[in-house]
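Listing of input.txt, compact mmCIF, C-alpha atoms
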# COMPACT_ATOMS: atom_id res chain seq x y z
CA MET A 1 0.00 0.00 0.00
CA ASN A 2 2.88 2.26 0.86
CA THR A 3 4.46 1.67 -2.53
CA PHE A 4 1.15 2.36 -4.22
CA LEU A 5 0.82 5.74 -2.49
CA THR A 6 4.46 6.61 -3.15
CA LEU A 7 3.91 5.99 -6.84
CA ILE A 8 0.84 8.24 -6.93
CA LYS A 9 2.74 10.92 -5.07
CA ARG A 10 5.63 10.63 -7.53
CA ASP A 11 3.31 11.06 -10.50
CA LEU A 12 1.61 14.09 -9.00
CA VAL A 13 4.95 15.71 -8.17
CA LEU A 14 6.26 15.02 -11.68
CA ALA A 15 3.12 16.49 -13.25
CA TYR A 16 3.48 19.58 -11.10
CA ARG A 17 7.11 20.00 -12.07
CA GLY A 18 6.44 19.11 -15.70
CA ARG A 19 5.63 22.75 -16.20
CA GLY A 20 2.30 22.79 -17.95
CA GLU A 21 2.22 19.48 -19.79
CA ALA A 22 -0.79 18.50 -17.74
CA PHE A 23 -2.68 21.52 -19.00
CA ASN A 24 -2.68 20.32 -22.60
CA SER A 25 -5.87 18.33 -22.25
CA LEU A 26 -7.57 21.22 -20.47
CA ILE A 27 -6.61 23.64 -23.21
CA PHE A 28 -7.80 21.27 -25.91
CA PHE A 29 -11.09 20.76 -24.08
CA GLY A 30 -11.60 24.50 -23.76
CA LEU A 31 -10.66 25.19 -27.37
CA VAL A 32 -13.13 22.69 -28.83
CA ILE A 33 -15.98 24.02 -26.75
CA LEU A 34 -15.19 27.69 -27.29
CA LEU A 35 -14.53 27.43 -31.02
CA PHE A 36 -17.69 25.48 -31.76
CA PRO A 37 -20.20 28.34 -31.29
CA ILE A 38 -17.90 30.65 -33.25
CA GLY A 39 -17.59 28.25 -36.15
CA ILE A 40 -21.27 27.38 -36.26
CA SER A 41 -22.73 30.72 -35.20
CA ALA A 42 -25.71 28.88 -33.85
CA SER A 43 -28.63 30.22 -31.91
CA GLU A 44 -28.72 29.90 -28.15
CA LYS A 45 -31.42 27.30 -28.45
CA LEU A 46 -29.41 25.13 -30.82
CA LEU A 47 -26.31 25.45 -28.66
CA SER A 48 -28.15 24.30 -25.56
CA GLU A 49 -29.43 21.29 -27.49
CA ILE A 50 -26.04 20.15 -28.68
CA ALA A 51 -24.23 21.11 -25.46
CA PRO A 52 -24.36 17.66 -23.83
CA GLY A 53 -22.89 15.89 -26.85
CA LEU A 54 -20.38 18.65 -27.47
CA ILE A 55 -19.01 18.70 -23.95
CA TRP A 56 -18.84 14.94 -23.89
CA ILE A 57 -17.06 14.71 -27.25
CA ALA A 58 -14.57 17.35 -26.19
CA ALA A 59 -13.90 15.48 -22.93
CA LEU A 60 -13.50 12.19 -24.79
CA LEU A 61 -11.07 13.59 -27.35
CA ALA A 62 -9.08 15.47 -24.70
CA THR A 63 -8.75 12.31 -22.64
CA MET A 64 -7.84 10.17 -25.62
CA LEU A 65 -5.14 12.58 -26.78
CA SER A 66 -3.59 12.79 -23.32
CA LEU A 67 -3.24 9.03 -23.06
CA ASP A 68 -0.27 8.74 -25.37
CA ASN A 69 2.27 9.50 -22.66
CA LEU A 70 0.74 7.22 -20.08
CA PHE A 71 3.50 4.62 -20.05
CA LYS A 72 5.91 5.90 -22.65
CA GLU A 73 8.25 7.71 -20.30
CA ASP A 74 8.39 4.89 -17.79
CA PHE A 75 9.00 2.45 -20.63
CA GLN A 76 11.79 4.47 -22.21
CA ASP A 77 13.75 5.31 -19.07
CA GLY A 78 13.65 1.79 -17.69
CA THR A 79 11.37 2.47 -14.73
CA LEU A 80 8.74 0.11 -16.11
CA GLU A 81 11.33 -2.66 -16.28
CA GLN A 82 12.10 -2.14 -12.59
CA TRP A 83 8.46 -2.55 -11.67
CA ALA A 84 8.11 -5.60 -13.90
CA VAL A 85 11.05 -7.30 -12.22
CA SER A 86 10.13 -6.32 -8.67
CA GLN A 87 8.15 -8.26 -6.11
CA HIS A 88 5.29 -5.79 -6.54
CA SER A 89 2.45 -6.59 -8.86
CA LEU A 90 2.28 -4.70 -12.13
CA ILE A 91 -1.44 -4.53 -11.47
CA SER A 92 -0.99 -2.11 -8.59
CA PHE A 93 1.49 -0.14 -10.72
CA ALA A 94 -1.11 0.03 -13.50
CA TRP A 95 -3.86 1.11 -11.11
CA ALA A 96 -1.70 3.80 -9.51
CA ARG A 97 -0.60 5.13 -12.88
CA LEU A 98 -4.12 5.22 -14.33
CA PHE A 99 -5.49 6.85 -11.20
CA SER A 100 -2.87 9.62 -11.10
CA HIS A 101 -3.33 10.19 -14.81
CA TRP A 102 -7.05 10.60 -14.28
CA VAL A 103 -6.49 13.06 -11.44
CA ILE A 104 -4.04 15.09 -13.50
CA THR A 105 -5.89 15.24 -16.81
CA SER A 106 -9.59 14.62 -16.18
CA VAL A 107 -10.31 16.25 -12.83
CA PRO A 108 -9.51 19.76 -14.16
CA LEU A 109 -11.92 19.03 -17.03
CA ILE A 110 -14.67 18.05 -14.62
CA ILE A 111 -14.12 21.17 -12.55
CA ILE A 112 -14.27 23.48 -15.54
CA ALA A 113 -17.06 21.70 -17.41
CA PRO A 114 -19.92 23.46 -15.54
CA LEU A 115 -18.47 26.79 -16.64
CA PHE A 116 -18.51 25.76 -20.27
CA ALA A 117 -21.96 24.26 -19.83
CA LEU A 118 -23.26 27.63 -18.72
CA SER A 119 -21.60 29.34 -21.68
CA LEU A 120 -23.49 26.95 -23.95
CA SER A 121 -26.75 27.72 -22.17
CA LEU A 122 -27.20 24.23 -20.80
CA PRO A 123 -30.11 24.23 -18.34
CA THR A 124 -28.83 24.34 -14.79
CA ASP A 125 -30.72 21.17 -13.80
CA ALA A 126 -28.55 19.23 -16.18
CA ILE A 127 -25.24 20.48 -14.82
CA GLY A 128 -25.33 18.20 -11.79
CA VAL A 129 -25.93 15.22 -14.06
CA LEU A 130 -23.14 16.44 -16.33
CA ILE A 131 -20.67 16.35 -13.45
CA VAL A 132 -21.79 12.90 -12.31
CA SER A 133 -21.63 11.50 -15.83
CA LEU A 134 -18.13 12.89 -16.27
CA LEU A 135 -17.06 11.56 -12.88
CA LEU A 136 -18.19 8.09 -13.94
CA GLY A 137 -17.19 8.34 -17.57
CA THR A 138 -13.72 9.90 -17.55
CA PRO A 139 -12.14 7.22 -15.32
CA LEU A 140 -13.67 4.67 -17.66
CA LEU A 141 -12.12 6.41 -20.67
CA THR A 142 -8.77 6.57 -18.89
CA PHE A 143 -8.76 2.95 -17.74
CA ILE A 144 -9.95 1.46 -21.03
CA GLY A 145 -7.68 3.75 -22.99
CA GLY A 146 -4.88 2.54 -20.75
CA ILE A 147 -5.29 -0.95 -22.17
CA GLY A 148 -4.78 0.37 -25.68
CA VAL A 149 -1.77 2.41 -24.61
CA ALA A 150 -0.19 -0.52 -22.82
CA LEU A 151 -0.55 -2.64 -25.95
CA THR A 152 1.06 -0.01 -28.16
CA THR A 153 3.75 1.14 -25.72
CA GLY A 154 6.52 -1.01 -27.10
CA LEU A 155 5.82 -0.11 -30.71
CA LYS A 156 8.19 2.25 -32.46
CA LYS A 157 5.51 3.94 -34.54
CA SER A 158 2.59 4.98 -32.37
CA SER A 159 0.49 6.28 -35.24
CA MET A 160 -3.28 6.08 -35.18
CA LEU A 161 -3.38 2.56 -33.83
CA LEU A 162 -4.37 3.67 -30.37
CA PRO A 163 -7.59 5.53 -31.29
CA LEU A 164 -8.55 2.64 -33.53
CA LEU A 165 -8.17 0.21 -30.63
CA VAL A 166 -10.11 2.13 -28.02
CA LEU A 167 -12.80 3.90 -30.05
CA PRO A 168 -15.18 0.93 -30.15
CA PHE A 169 -15.16 0.89 -26.37
CA TYR A 170 -15.45 4.64 -26.04
CA ILE A 171 -18.63 4.89 -28.07
CA PRO A 172 -20.98 3.31 -25.50
CA VAL A 173 -19.53 5.59 -22.83
CA LEU A 174 -20.12 8.60 -25.05
CA ILE A 175 -23.67 7.55 -25.86
CA PHE A 176 -24.73 6.98 -22.28
CA GLY A 177 -22.88 9.99 -20.95
CA ALA A 178 -24.27 12.44 -23.48
CA SER A 179 -27.72 10.89 -23.28
CA ALA A 180 -27.79 11.26 -19.50
CA VAL A 181 -27.16 14.99 -19.74
CA ASP A 182 -29.56 15.29 -22.66
CA VAL A 183 -32.54 13.80 -20.86
CA ALA A 184 -31.72 15.74 -17.71
CA ALA A 185 -31.80 18.95 -19.75
CA ASP A 186 -35.29 18.00 -20.94
CA GLY A 187 -36.38 17.52 -17.36
CA TRP A 188 -36.48 13.71 -17.27
CA SER A 189 -34.59 11.48 -14.85
CA ALA A 190 -31.19 10.34 -16.03
CA SER A 191 -30.88 7.46 -13.57
CA GLY A 192 -31.08 4.77 -16.25
CA GLN A 193 -28.11 6.08 -18.15
CA LEU A 194 -26.19 6.88 -14.98
CA TYR A 195 -26.69 3.40 -13.58
CA ILE A 196 -25.40 1.84 -16.77
CA LEU A 197 -22.41 4.17 -16.71
CA ALA A 198 -21.83 3.22 -13.09
CA GLY A 199 -21.94 -0.46 -14.00
CA LEU A 200 -19.44 0.05 -16.81
CA PHE A 201 -17.33 2.13 -14.43
CA VAL A 202 -17.08 -0.66 -11.88
CA LEU A 203 -16.32 -3.25 -14.57
CA GLY A 204 -13.72 -1.01 -16.16
CA ILE A 205 -11.74 0.00 -13.14
CA THR A 206 -11.61 -3.49 -11.69
CA LEU A 207 -10.78 -5.41 -14.86
CA ALA A 208 -8.73 -2.97 -16.93
CA PRO A 209 -5.64 -3.05 -14.67
CA PHE A 210 -5.28 -6.80 -15.29
CA ALA A 211 -5.25 -6.28 -19.05
CA VAL A 212 -2.91 -3.31 -18.67
CA ALA A 213 -0.47 -5.28 -16.49
CA THR A 214 -0.33 -8.18 -18.92
CA SER A 215 0.22 -5.89 -21.91
CA LEU A 216 2.98 -4.07 -20.06
CA LYS A 217 4.67 -7.38 -19.28
CA VAL A 218 4.68 -8.18 -22.99
CA SER A 219 6.06 -4.75 -23.92
CA VAL A 220 8.86 -5.08 -21.40
CA SER A 221 9.93 -8.53 -22.55
CA GLN A 222 10.86 -7.38 -26.04
CA MET B 1 21.08 -19.91 -2.16
CA LEU B 2 21.68 -21.18 -5.65
CA PHE B 3 21.06 -19.43 -8.96
CA SER B 4 21.19 -21.78 -11.91
CA ALA B 5 20.37 -21.95 -15.59
CA HIS B 6 19.68 -25.13 -17.54
CA LYS B 7 20.09 -25.30 -21.31
CA LEU B 8 18.71 -21.87 -22.07
CA SER B 9 18.04 -20.83 -25.60
CA CYS B 10 16.78 -17.61 -27.09
CA ILE B 11 15.37 -16.93 -30.53
CA ARG B 12 14.94 -13.38 -31.77
CA SER B 13 13.61 -12.48 -35.20
CA HIS B 14 13.86 -16.09 -36.36
CA LYS B 15 17.55 -16.22 -35.45
CA THR B 16 18.81 -18.47 -32.67
CA LEU B 17 20.93 -16.16 -30.54
CA PHE B 18 22.24 -18.87 -28.25
CA GLN B 19 21.31 -22.33 -27.07
CA ASP B 20 22.27 -24.85 -24.40
CA VAL B 21 23.49 -22.16 -22.03
CA SER B 22 23.87 -23.47 -18.47
CA PHE B 23 25.62 -22.37 -15.31
CA GLU B 24 25.42 -22.49 -11.52
CA LEU B 25 26.08 -19.56 -9.25
CA SER B 26 26.61 -19.71 -5.49
CA PRO B 27 27.01 -16.92 -2.91
CA GLY B 28 30.24 -15.00 -3.32
CA GLN B 29 30.45 -15.61 -7.06
CA LEU B 30 30.28 -13.31 -10.03
CA LEU B 31 29.23 -14.50 -13.48
CA LEU B 32 30.76 -12.38 -16.21
CA VAL B 33 28.90 -12.71 -19.50
CA GLU B 34 31.10 -11.87 -22.45
CA GLY B 35 30.58 -11.78 -26.16
CA LYS B 36 30.60 -9.52 -29.16
CA ASN B 37 27.89 -6.95 -29.77
CA GLY B 38 24.75 -8.69 -30.88
CA ALA B 39 25.77 -12.02 -29.36
CA GLY B 40 22.74 -11.95 -27.10
CA LYS B 41 24.18 -10.81 -23.76
CA THR B 42 21.27 -8.50 -22.96
CA SER B 43 18.76 -11.13 -24.08
CA LEU B 44 20.39 -13.66 -21.79
CA LEU B 45 20.19 -11.26 -18.88
CA LYS B 46 16.54 -10.63 -19.60
CA LEU B 47 15.94 -14.39 -19.45
CA LEU B 48 17.80 -14.60 -16.16
CA SER B 49 15.86 -11.77 -14.55
CA GLY B 50 12.49 -13.15 -15.60
CA LEU B 51 11.63 -10.30 -17.95
CA ARG B 52 11.50 -12.65 -20.89
CA ARG B 53 10.58 -16.32 -21.21
CA PRO B 54 13.28 -18.60 -22.58
CA ASP B 55 12.50 -20.38 -25.82
CA SER B 56 13.74 -23.53 -24.14
CA GLY B 57 15.42 -24.36 -20.85
CA GLU B 58 14.88 -23.06 -17.36
CA VAL B 59 16.23 -20.52 -14.92
CA LYS B 60 16.07 -21.69 -11.32
CA TRP B 61 16.42 -20.02 -7.97
CA ASN B 62 16.97 -22.52 -5.17
CA GLN B 63 15.84 -25.30 -7.50
CA VAL B 64 12.51 -23.62 -8.28
CA ASN B 65 11.82 -22.24 -11.76
CA ILE B 66 11.74 -18.45 -11.41
CA LEU B 67 8.67 -18.11 -13.61
CA GLN B 68 6.51 -20.25 -11.37
CA ALA B 69 4.11 -18.61 -8.95
CA GLU B 70 5.68 -20.32 -5.89
CA SER B 71 9.07 -18.82 -6.64
CA ASP B 72 10.16 -16.00 -4.33
CA PHE B 73 12.95 -15.10 -6.74
CA ARG B 74 11.85 -11.51 -7.16
CA THR B 75 12.41 -10.61 -3.54
CA TYR B 76 16.07 -11.58 -3.91
CA LEU B 77 16.79 -9.82 -7.19
CA ALA B 78 18.03 -6.35 -8.07
CA TRP B 79 18.10 -5.67 -11.82
CA LEU B 80 19.85 -2.84 -13.63
CA GLY B 81 19.50 -2.64 -17.41
CA HIS B 82 21.10 -0.36 -19.97
CA GLN B 83 18.90 2.55 -19.02
CA ASN B 84 19.02 4.46 -15.77
CA PRO B 85 15.60 4.15 -14.11
CA LEU B 86 15.59 7.79 -13.04
CA LYS B 87 13.19 10.68 -13.38
CA GLU B 88 14.88 13.83 -14.64
CA ASP B 89 12.45 16.14 -12.85
CA GLN B 90 13.20 14.66 -9.46
CA SER B 91 16.23 15.00 -7.20
CA ALA B 92 18.79 12.26 -6.54
CA LEU B 93 17.30 11.64 -3.12
CA GLU B 94 13.73 11.46 -4.44
CA ASN B 95 14.76 9.00 -7.12
CA LEU B 96 16.59 6.89 -4.58
CA THR B 97 13.52 6.91 -2.35
CA MET B 98 11.35 5.62 -5.17
CA LEU B 99 13.87 2.92 -6.10
CA GLY B 100 14.11 2.01 -2.43
CA HIS B 101 10.41 1.30 -2.41
CA ILE B 102 10.53 -0.93 -5.47
CA ARG B 103 13.07 -3.35 -4.01
CA PRO B 104 13.32 -4.85 -0.51
CA ARG B 105 15.10 -2.37 1.70
CA ASN B 106 18.15 -2.94 3.89
CA GLN B 107 19.58 -0.87 6.75
CA VAL B 108 21.91 1.31 4.69
CA SER B 109 20.77 4.94 4.77
CA MET B 110 20.17 6.68 1.44
CA ILE B 111 22.54 9.51 2.32
CA GLU B 112 25.26 6.97 3.05
CA ALA B 113 24.65 5.22 -0.27
CA LEU B 114 24.87 8.53 -2.13
CA LYS B 115 28.10 9.44 -0.34
CA THR B 116 29.65 6.07 -1.20
CA LEU B 117 29.01 6.77 -4.87
CA GLN B 118 30.35 10.31 -4.42
CA LEU B 119 26.95 11.89 -5.01
CA GLY B 120 26.44 13.26 -1.50
CA HIS B 121 26.90 16.86 -2.60
CA VAL B 122 24.15 16.69 -5.22
CA LYS B 123 21.51 14.83 -3.26
CA HIS B 124 18.93 17.58 -3.73
CA LYS B 125 19.83 18.47 -7.29
CA PHE B 126 17.54 17.37 -10.11
CA VAL B 127 18.77 14.46 -12.18
CA LYS B 128 18.46 16.46 -15.38
CA THR B 129 21.54 18.41 -14.27
CA PHE B 130 23.59 15.21 -13.94
CA SER B 131 26.19 13.92 -16.35
CA ALA B 132 25.82 10.42 -17.79
CA GLY B 133 28.36 9.08 -15.32
CA MET B 134 26.55 10.60 -12.37
CA LYS B 135 23.26 9.09 -13.50
CA ARG B 136 24.86 5.66 -13.73
CA ARG B 137 26.34 6.09 -10.26
CA LEU B 138 22.92 7.03 -8.90
CA SER B 139 21.50 3.85 -10.40
CA LEU B 140 24.31 1.90 -8.73
CA ALA B 141 23.56 3.65 -5.44
CA SER B 142 20.11 2.10 -5.55
CA LEU B 143 21.76 -1.32 -5.37
CA LEU B 144 23.38 -0.44 -2.05
CA ILE B 145 20.09 0.23 -0.30
CA ALA B 146 18.46 -2.99 -1.45
CA GLU B 147 18.36 -6.18 0.58
CA THR B 148 18.87 -8.36 -2.47
CA PRO B 149 21.66 -10.93 -2.64
CA LEU B 150 21.48 -11.32 -6.42
CA TRP B 151 22.44 -8.46 -8.70
CA ILE B 152 21.87 -8.81 -12.44
CA LEU B 153 23.55 -5.89 -14.15
CA ASP B 154 23.72 -5.08 -17.87
CA GLU B 155 26.84 -3.00 -18.58
CA PRO B 156 26.96 -1.45 -15.10
CA GLN B 157 30.14 0.43 -15.92
CA ALA B 158 28.76 2.16 -18.99
CA ALA B 159 29.49 5.91 -19.02
CA LEU B 160 31.65 5.67 -15.89
CA ASP B 161 35.09 7.24 -15.78
CA LYS B 162 38.15 5.55 -14.23
CA THR B 163 37.20 6.63 -10.70
CA GLY B 164 33.66 5.42 -11.25
CA ILE B 165 34.85 2.06 -12.53
CA THR B 166 37.10 1.58 -9.50
CA LEU B 167 34.18 2.54 -7.25
CA PHE B 168 31.99 -0.04 -8.90
CA GLU B 169 34.63 -2.76 -8.57
CA THR B 170 35.01 -1.97 -4.87
CA LEU B 171 31.26 -2.19 -4.33
CA ALA B 172 30.99 -5.39 -6.33
CA GLU B 173 33.77 -7.04 -4.37
CA GLN B 174 32.20 -5.95 -1.10
CA HIS B 175 28.87 -7.39 -2.17
CA LEU B 176 30.51 -10.70 -3.07
CA LYS B 177 32.38 -10.82 0.24
CA GLN B 178 29.08 -10.39 2.08
CA GLY B 179 27.76 -13.48 0.31
CA GLY B 180 26.07 -11.74 -2.59
CA MET B 181 25.96 -12.92 -6.20
CA ILE B 182 26.41 -10.89 -9.34
CA VAL B 183 25.64 -11.61 -12.98
CA MET B 184 26.92 -8.92 -15.29
CA THR B 185 27.93 -8.11 -18.83
CA SER B 186 30.81 -5.85 -19.56
CA HIS B 187 32.96 -4.66 -22.40
CA HIS B 188 35.69 -3.80 -19.91
CA SER B 189 37.60 -6.35 -17.87
CA VAL B 190 36.52 -6.50 -14.26
CA ASN B 191 39.35 -5.88 -11.83
CA ILE B 192 38.30 -8.21 -9.01
CA ALA B 193 40.16 -11.21 -7.62
CA PRO B 194 39.75 -14.02 -10.18
CA LYS B 195 38.65 -16.47 -7.49
CA TYR B 196 35.24 -14.78 -7.49
CA ILE B 197 34.73 -14.79 -11.23
CA GLN B 198 33.11 -17.31 -13.56
CA THR B 199 33.07 -16.43 -17.25
CA LEU B 200 30.40 -17.28 -19.79
CA THR B 201 31.09 -16.45 -23.41
CA LEU B 202 28.26 -16.11 -25.89
CA GLY B 203 28.47 -16.23 -29.63
CA HIS B 204 30.34 -18.40 -32.09
CA ASP B 205 33.83 -17.72 -33.30

Rendering of file as structure tokens:
Amino acid sequence: MNTFLTLIKRDLVLAYRGRGEAFNSLIFFGLVILLFPIGISASEKLLSEIAPGLIWIAALLATMLSLDNLFKEDFQDGTLEQWAVSQHSLISFAWARLFSHWVITSVPLIIIAPLFALSLSLPTDAIGVLIVSLLLGTPLLTFIGGIGVALTTGLKKSSMLLPLLVLPFYIPVLIFGASAVDVAADGWSASGQLYILAGLFVLGITLAPFAVATSLKVSVSQ
Amino acid sequence: MLFSAHKLSCIRSHKTLFQDVSFELSPGQLLLVEGKNGAGKTSLLKLLSGLRRPDSGEVKWNQVNILQAESDFRTYLAWLGHQNPLKEDQSALENLTMLGHIRPRNQVSMIEALKTLQLGHVKHKFVKTFSAGMKRRLSLASLLIAETPLWILDEPQAALDKTGITLFETLAEQHLKQGGMIVMTSHHSVNIAPKYIQTLTLGHD
């Protein structure tokens, strides 16, 4: 447990000292959402209708783009090898890494999302649901994306293989997440969608680390 | 404690790098793996540390195959590959702390380990300010704080100057005297009493 916490602390310290790398996903998120109304010059009504999908797509893309560096540095400097050879399970390494990555890249998104939601005229009733759907969905995107990253870590050319691998799994998350906010904006209850998201969330965060650990073991053995 | 290999073979990209490699290592012994570039020294070390499965043969620790679940091999092993497992944005001490958590820890203090490798004066400096030799010495310092009798080292003396090499040889000899075991590759000769050293040469002539 101590090692697990030390690893999380290390990642947070490194992100803090990384001088702004962690802000990339936040900036991308903000750009997509701010540029959309300008490019489309839509009416307030139209904006509030597309807001749930727009915010969710921006969050999904921002998360997906930030995943590339998840294990690359540890792989290249030999740290990953040390963990693979140690008495500690790669599963706890994977969990710690995915969790810190989520805290660093997705939590700022979740904090700032309500602000963007207001700028898109999303009804205030839906904002609470927006936050809950992002809280359930972004860890899912991170953990499932982590599997794809772990599989492509050892490859020399990263290319577009990663999005191709994870997109099929991202789509259900996007559908339920955006739908939850959509129905909440119309005044209906979003519990159906949120419960399904919650179920996927539990499945994802418990099972993904096993797949990640195995893929990392393969990458390291090359 | 016995570290042994039985008829190991390794195939990479359809080429057999080596086959029928066997040895036995007891406490106080150093196995020096020699061979030309490309002969498979690093691949052999990866087989010995459990990072890679052998294409045939077994690696055993105390008569138990290291890849089996019952094996406690990993708690006795310290591995150092070509790279230095260090984070540039952290200080020497922070890096040593992290490495100290990854392996079983002994009683040697981190400050003492840094001083032994002549890094005491830079303990709070970030690793990105270090030269290649200093980074290698920091990686070696992590071996001193680990309670692991077996060291498997791939080119431990890489990037070290003459002083650094002598330092390493002193530490290696001390480790062997305390009953430790070392498996290493090197392009340099290792200046330790020959009674400790076993040589394994890979590659055909």

Non-local contacts of Asp89 (chain B) (7 Å; all atoms listed in the file; under 2 positions in same chain excluded) as a PDB file with C-alpha atoms, in the frame of the given file:
ATOM      1  CA  LEU A  14       6.260  15.020 -11.680  1.00  0.00           C
ATOM      2  CA  ARG A  17       7.110  20.000 -12.070  1.00  0.00           C
TER       3      ARG A  17
ATOM      4  CA  LYS B  87      13.190  10.680 -13.380  1.00  0.00           C
ATOM      5  CA  SER B  91      16.230  15.000  -7.200  1.00  0.00           C
ATOM      6  CA  PHE B 126      17.540  17.370 -10.110  1.00  0.00           C
ATOM      7  CA  VAL B 127      18.770  14.460 -12.180  1.00  0.00           C
ATOM      8  CA  LYS B 128      18.460  16.460 -15.380  1.00  0.00           C
TER       9      LYS B 128
END

(request) Report the distance between CA of Ile104 (chain A) and CA of Tyr16 (chain A) in Å, rounded to one decimal place. (result) 9.1 Å

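Take CA of Asn84 (chain B) and CA of Leu155 (chain A): the distance between them is 20.5 Å.
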
Would you write out, as JSON lines, a table of all residues in chain A that have an atom no more than 10 Å from an atom of chain B, listing for each the closest atom pair and the distance in Å to one decimal, considering all atoms listed in the file and ordering rows by chain and rising residue number?
{"residue": "A:Asn2", "atom": "CA", "partner": "B:His101", "partner_atom": "CA", "distance": 8.3}
{"residue": "A:Thr3", "atom": "CA", "partner": "B:His101", "partner_atom": "CA", "distance": 6.0}
{"residue": "A:Phe4", "atom": "CA", "partner": "B:His101", "partner_atom": "CA", "distance": 9.5}
{"residue": "A:Thr6", "atom": "CA", "partner": "B:Met98", "partner_atom": "CA", "distance": 7.2}
{"residue": "A:Leu7", "atom": "CA", "partner": "B:Met98", "partner_atom": "CA", "distance": 7.6}
{"residue": "A:Arg10", "atom": "CA", "partner": "B:Met98", "partner_atom": "CA", "distance": 8.0}
{"residue": "A:Val13", "atom": "CA", "partner": "B:Gln90", "partner_atom": "CA", "distance": 8.4}
{"residue": "A:Leu14", "atom": "CA", "partner": "B:Asp89", "partner_atom": "CA", "distance": 6.4}
{"residue": "A:Ala15", "atom": "CA", "partner": "B:Asp89", "partner_atom": "CA", "distance": 9.3}
{"residue": "A:Tyr16", "atom": "CA", "partner": "B:Asp89", "partner_atom": "CA", "distance": 9.8}
{"residue": "A:Arg17", "atom": "CA", "partner": "B:Asp89", "partner_atom": "CA", "distance": 6.6}
{"residue": "A:Gly18", "atom": "CA", "partner": "B:Asp89", "partner_atom": "CA", "distance": 7.3}
{"residue": "A:Glu73", "atom": "CA", "partner": "B:Lys87", "partner_atom": "CA", "distance": 9.0}
{"residue": "A:Asp74", "atom": "CA", "partner": "B:Pro85", "partner_atom": "CA", "distance": 8.1}
{"residue": "A:Phe75", "atom": "CA", "partner": "B:Pro85", "partner_atom": "CA", "distance": 9.4}
{"residue": "A:Gln76", "atom": "CA", "partner": "B:Gln83", "partner_atom": "CA", "distance": 8.0}
{"residue": "A:Asp77", "atom": "CA", "partner": "B:Pro85", "partner_atom": "CA", "distance": 5.4}
{"residue": "A:Gly78", "atom": "CA", "partner": "B:Pro85", "partner_atom": "CA", "distance": 4.7}
{"residue": "A:Thr79", "atom": "CA", "partner": "B:Pro85", "partner_atom": "CA", "distance": 4.6}
{"residue": "A:Leu80", "atom": "CA", "partner": "B:Pro85", "partner_atom": "CA", "distance": 8.2}
{"residue": "A:Glu81", "atom": "CA", "partner": "B:Leu51", "partner_atom": "CA", "distance": 7.8}
{"residue": "A:Gln82", "atom": "CA", "partner": "B:Trp79", "partner_atom": "CA", "distance": 7.0}
{"residue": "A:Trp83", "atom": "CA", "partner": "B:Ile102", "partner_atom": "CA", "distance": 6.7}
{"residue": "A:Ala84", "atom": "CA", "partner": "B:Leu51", "partner_atom": "CA", "distance": 7.1}
{"residue": "A:Val85", "atom": "CA", "partner": "B:Leu51", "partner_atom": "CA", "distance": 6.5}
{"residue": "A:Ser86", "atom": "CA", "partner": "B:Arg74", "partner_atom": "CA", "distance": 5.7}
{"residue": "A:Gln87", "atom": "CA", "partner": "B:Arg74", "partner_atom": "CA", "distance": 5.0}
{"residue": "A:His88", "atom": "CA", "partner": "B:Ile102", "partner_atom": "CA", "distance": 7.2}
{"residue": "A:Lys217", "atom": "CA", "partner": "B:Leu51", "partner_atom": "CA", "distance": 7.7}
{"residue": "A:Val218", "atom": "CA", "partner": "B:Arg52", "partner_atom": "CA", "distance": 8.4}
{"residue": "A:Ser219", "atom": "CA", "partner": "B:Leu51", "partner_atom": "CA", "distance": 9.9}
{"residue": "A:Val220", "atom": "CA", "partner": "B:Leu51", "partner_atom": "CA", "distance": 6.8}
{"residue": "A:Ser221", "atom": "CA", "partner": "B:Arg52", "partner_atom": "CA", "distance": 4.7}
{"residue": "A:Gln222", "atom": "CA", "partner": "B:Arg52", "partner_atom": "CA", "distance": 7.4}

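CA of Leu176 (chain B) sits 21.1 Å away from CA of Lys162 (chain B).
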
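Of the listed residues A:Val103, A:Ala150, A:Leu26, A:Ala184, the one whose atoms come nearest to Thr124 (chain A) is A:Ala184, with distances taken using all atoms listed in the file.
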
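Using all atoms listed in the file, the protein and nucleic acid residues lying no more than 12 Å from Gln174 (chain B), apart from those fewer than 4 places from it along its own chain, are Gly28, Gln29, Leu30, Leu144, Pro149, Leu167, Phe168, Glu169, Thr170, Gln178, Gly179, Gly180, Met181, Ile182, Ile192, Ala193 and Tyr196 of chain B.
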
(message) Give me, as a PyMOL selection string, all polymer residues having an atom no more than 6 Å from region 43-50 of chain A, counting all atoms listed in the file and skipping those fewer than 2 positions away in the same chain.
(response) chain A and resi 52-54+120-122

(request) Rank A:Ile57, A:Ala22, A:Leu151, A:Ile33 by their smallest atom-to-atom distance to Ala117 (chain A), using all atoms listed in the file, and report the top residue only. (result) A:Ile33

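Residues with any atom within 7 Å of region 117-125 of chain B, counting only C-alpha atoms and excluding same-chain neighbours fewer than 3 positions away, are Ser91, Ala92, Leu93, Ile111, Ala113, Leu114, Arg137 and Ala141 of chain B.
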